[in-house]
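Chemist: Handing you this structure, nothing more for now.
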Amino acid sequence: MLKSLSPWGVITIIVICVLLWGPDWIRSTISSSKWELPGGFKFDGSQASVSFQKELGEAERIVQRANRELEEAYSAAHTFASQLRTHYDIPSLASLAAVKVASLIGNRCPPDFRLTIYIPDLVFSDRLYQFTQYYDREGRPISNGVVGRTFSIRYGIIGRVWRSGVAEIEGELISKSEAVQMSESPTDAEMERFIARRWGLTLSEAIHVKSYNSYGAIRLERADKQIGLLYFDSKLKNAFCEPGHWKELEQTISNALNEMPLLTKLVEMTNELAPLSGRIQIIRNSGTGIL
């Protein structure tokens with residue numbers, strides 16, 4: 001077959017092969033050069049490179065502008081969230097919720113118990129916004145600088161409960177059934193990698209959360225509206241109830257929350273936010289297939 005080709009045809013095939021599979025320095029030289037073969041075949045790699053660099057530079061400038069505008073949007077969102085907290089008396093209601101949940105846990109409620117509230121993010125549609133400080137079992141605020149943090153709805157336990165709507169209370173970050181997937185005496189690094197995979201965290205996030213063995217998360221709903229998420233945790237194992245009684249405690253806390261004024265105020269706040277429902281969507285699925 002090659003005999004039937006002109007020499008320039010053979011050369012063209014060789015050049016294409018080099019571009020696809022040749023050494024990096026040869027591919028780089030050819031792809032950035034300009035040349036023409038008899039028969040009218042032309043290639044101008046330099047123009048392609050210049051065009052790509054131009055488009056890349058423009059994209060970078062667009063992203064920089066978008067980042068500045070997002071910073072301004074979040075600055076306004078933090079101010080608005082502060083006004084909402086004050087108007088609806090959310091700190092007092094969250095404090096009461098912490099006291100109530102701690103009382104339902106009973107005498108075994110640990111000293112390091114802490115509780116916070118998340119709401120749908122005010123800027124992005126796929127994030128949760130930490131709306132309150134952490135409160136201890138006596139309803140006292142015990143943290144600074146956490147209000148206004150945002151997390152993906154794919155982040156850890158809060159993301160899983162938010163997406164599924166299924167409340168979860170657990171007493172071990174790594175259960176016995178999961179522990180068998182690691183070595184008998186796992187190193188800290190092995191545990192951190194396992195937690196990162198298990199909960200969809202980065203390694204630095206896994207290092208932070210690995211000390212919190214007990215946790216609970218309940219999505220707050222009213223009339224089919226997702227209005228928030230209540231989260232609490234402790235560093236002690238099985239801090240909230242005996243193993244095997246998680247579902248009973250989940251139901252008890254969920255029933256109590258439905259009777260608390262916190263949910264009523266969050267519903268009112270959600271209704272106020274409804275006209276502002278055009279939150280930014282980073283990824284919108286356009287196909288019907290699932291990877």
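Ligands are numbered from 1 in the order shown, residues from 1 within each chain, and chains are lettered A, B, ... in the order they appear in the structure tokens.
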Within 7 Å of region 91-108 of chain A, counting only C-alpha atoms, which residues qualify if same-chain residues fewer than 2 places away don't, as a list in words?

Modeler: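 After dropping sequence-adjacent residues, the list is Arg85, Asp89, Pro110, Leu115, Thr132, Tyr135, Asp136, Arg137, Glu138, Gly139, Arg140, Ala239, Phe240, Cys241, Ile253 and Leu262 of chain A.
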
Chemist: Pull the closest atom pair for each residue of region 147-177 of chain A that gets at most 12 Å from region 52-76 of chain A, along with the distance in Å to one decimal, counting only C-alpha atoms, ordering rows by chain and then ascending residue number, as a tab-separated table.

Modeler:
residue	atom	partner	partner_atom	distance
A:Gly148	CA	A:Tyr74	CA	9.0
A:Arg149	CA	A:Tyr74	CA	10.4
A:Thr150	CA	A:Tyr74	CA	10.3

Chemist: I need the residues from that last selection saved to file as a PDB file, in the first residue's frame (with N, CA, C and O atoms), if you can.

Modeler:
ATOM      1  N   GLY A 148     -21.046  31.714  58.643  1.00  0.00           N
ATOM      2  CA  GLY A 148     -20.760  32.160  57.283  1.00  0.00           C
ATOM      3  C   GLY A 148     -19.900  31.203  56.486  1.00  0.00           C
ATOM      4  O   GLY A 148     -19.673  31.430  55.292  1.00  0.00           O
ATOM      5  N   ARG A 149     -19.426  30.130  57.120  1.00  0.00           N
ATOM      6  CA  ARG A 149     -18.690  29.127  56.347  1.00  0.00           C
ATOM      7  C   ARG A 149     -19.660  28.413  55.415  1.00  0.00           C
ATOM      8  O   ARG A 149     -20.834  28.233  55.742  1.00  0.00           O
ATOM      9  N   THR A 150     -19.176  28.009  54.262  1.00  0.00           N
ATOM     10  CA  THR A 150     -20.028  27.282  53.320  1.00  0.00           C
ATOM     11  C   THR A 150     -19.402  25.936  52.985  1.00  0.00           C
ATOM     12  O   THR A 150     -18.179  25.792  52.964  1.00  0.00           O
TER      13      THR A 150
END

Chemist: Ranking A:Glu172, A:Glu259, A:Asp121, A:Asp188 by minimum distance to Leu236 (chain A) and counting only C-alpha atoms, which one comes first?

Modeler: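 Selected residue with least distance to Leu236 (chain A): A:Glu172.
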
Chemist: Within 9 Å of Met269 (chain A), counting only C-alpha atoms, which residues qualify if same-chain residues fewer than 3 places away don't, as a list in words?

Modeler: Leu84, Tyr88, Ile227, Thr264, Lys265, Leu266, Glu272, Leu273 and Ala274 of chain A

Chemist: Go ahead and save the picked residues with N, CA, C and O atoms, as a PDB file, in the first residue's frame.

Modeler:
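The resulting again22.pdb:
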ATOM      1  N   LEU A  84     -30.930  38.760  59.040  1.00  0.00           N
ATOM      2  CA  LEU A  84     -31.939  37.708  59.202  1.00  0.00           C
ATOM      3  C   LEU A  84     -31.847  37.075  60.590  1.00  0.00           C
ATOM      4  O   LEU A  84     -32.873  36.822  61.239  1.00  0.00           O
ATOM      5  N   TYR A  88     -35.095  37.397  63.090  1.00  0.00           N
ATOM      6  CA  TYR A  88     -35.844  36.198  63.469  1.00  0.00           C
ATOM      7  C   TYR A  88     -35.363  35.596  64.792  1.00  0.00           C
ATOM      8  O   TYR A  88     -35.791  34.498  65.160  1.00  0.00           O
ATOM      9  N   ILE A 227     -35.619  23.554  54.823  1.00  0.00           N
ATOM     10  CA  ILE A 227     -35.369  24.884  55.379  1.00  0.00           C
ATOM     11  C   ILE A 227     -34.065  24.977  56.159  1.00  0.00           C
ATOM     12  O   ILE A 227     -33.614  26.075  56.492  1.00  0.00           O
ATOM     13  N   THR A 264     -40.493  27.211  62.981  1.00  0.00           N
ATOM     14  CA  THR A 264     -41.458  28.213  62.518  1.00  0.00           C
ATOM     15  C   THR A 264     -40.745  29.440  61.969  1.00  0.00           C
ATOM     16  O   THR A 264     -41.095  29.962  60.901  1.00  0.00           O
ATOM     17  N   LYS A 265     -39.728  29.886  62.676  1.00  0.00           N
ATOM     18  CA  LYS A 265     -38.987  31.070  62.233  1.00  0.00           C
ATOM     19  C   LYS A 265     -38.183  30.778  60.965  1.00  0.00           C
ATOM     20  O   LYS A 265     -38.064  31.641  60.085  1.00  0.00           O
ATOM     21  N   LEU A 266     -37.634  29.581  60.869  1.00  0.00           N
ATOM     22  CA  LEU A 266     -36.895  29.229  59.655  1.00  0.00           C
ATOM     23  C   LEU A 266     -37.824  29.154  58.444  1.00  0.00           C
ATOM     24  O   LEU A 266     -37.433  29.505  57.330  1.00  0.00           O
ATOM     25  N   GLU A 272     -39.376  34.444  53.075  1.00  0.00           N
ATOM     26  CA  GLU A 272     -38.828  35.758  52.733  1.00  0.00           C
ATOM     27  C   GLU A 272     -37.746  35.637  51.666  1.00  0.00           C
ATOM     28  O   GLU A 272     -37.597  36.510  50.804  1.00  0.00           O
ATOM     29  N   LEU A 273     -36.992  34.533  51.718  1.00  0.00           N
ATOM     30  CA  LEU A 273     -35.905  34.333  50.762  1.00  0.00           C
ATOM     31  C   LEU A 273     -36.385  33.791  49.418  1.00  0.00           C
ATOM     32  O   LEU A 273     -35.625  33.795  48.448  1.00  0.00           O
ATOM     33  N   ALA A 274     -37.632  33.322  49.357  1.00  0.00           N
ATOM     34  CA  ALA A 274     -38.137  32.681  48.138  1.00  0.00           C
ATOM     35  C   ALA A 274     -37.972  33.536  46.887  1.00  0.00           C
ATOM     36  O   ALA A 274     -37.581  33.025  45.829  1.00  0.00           O
TER      37      ALA A 274
END

Chemist: Could you write out, as number ranges by chain, all the residues of region 128-284 of chain A that DSSP marks as alpha helix (DSSP H)?

Modeler: A: 156-164, 176-179, 188-199, 203-209, 246-258, 261-273
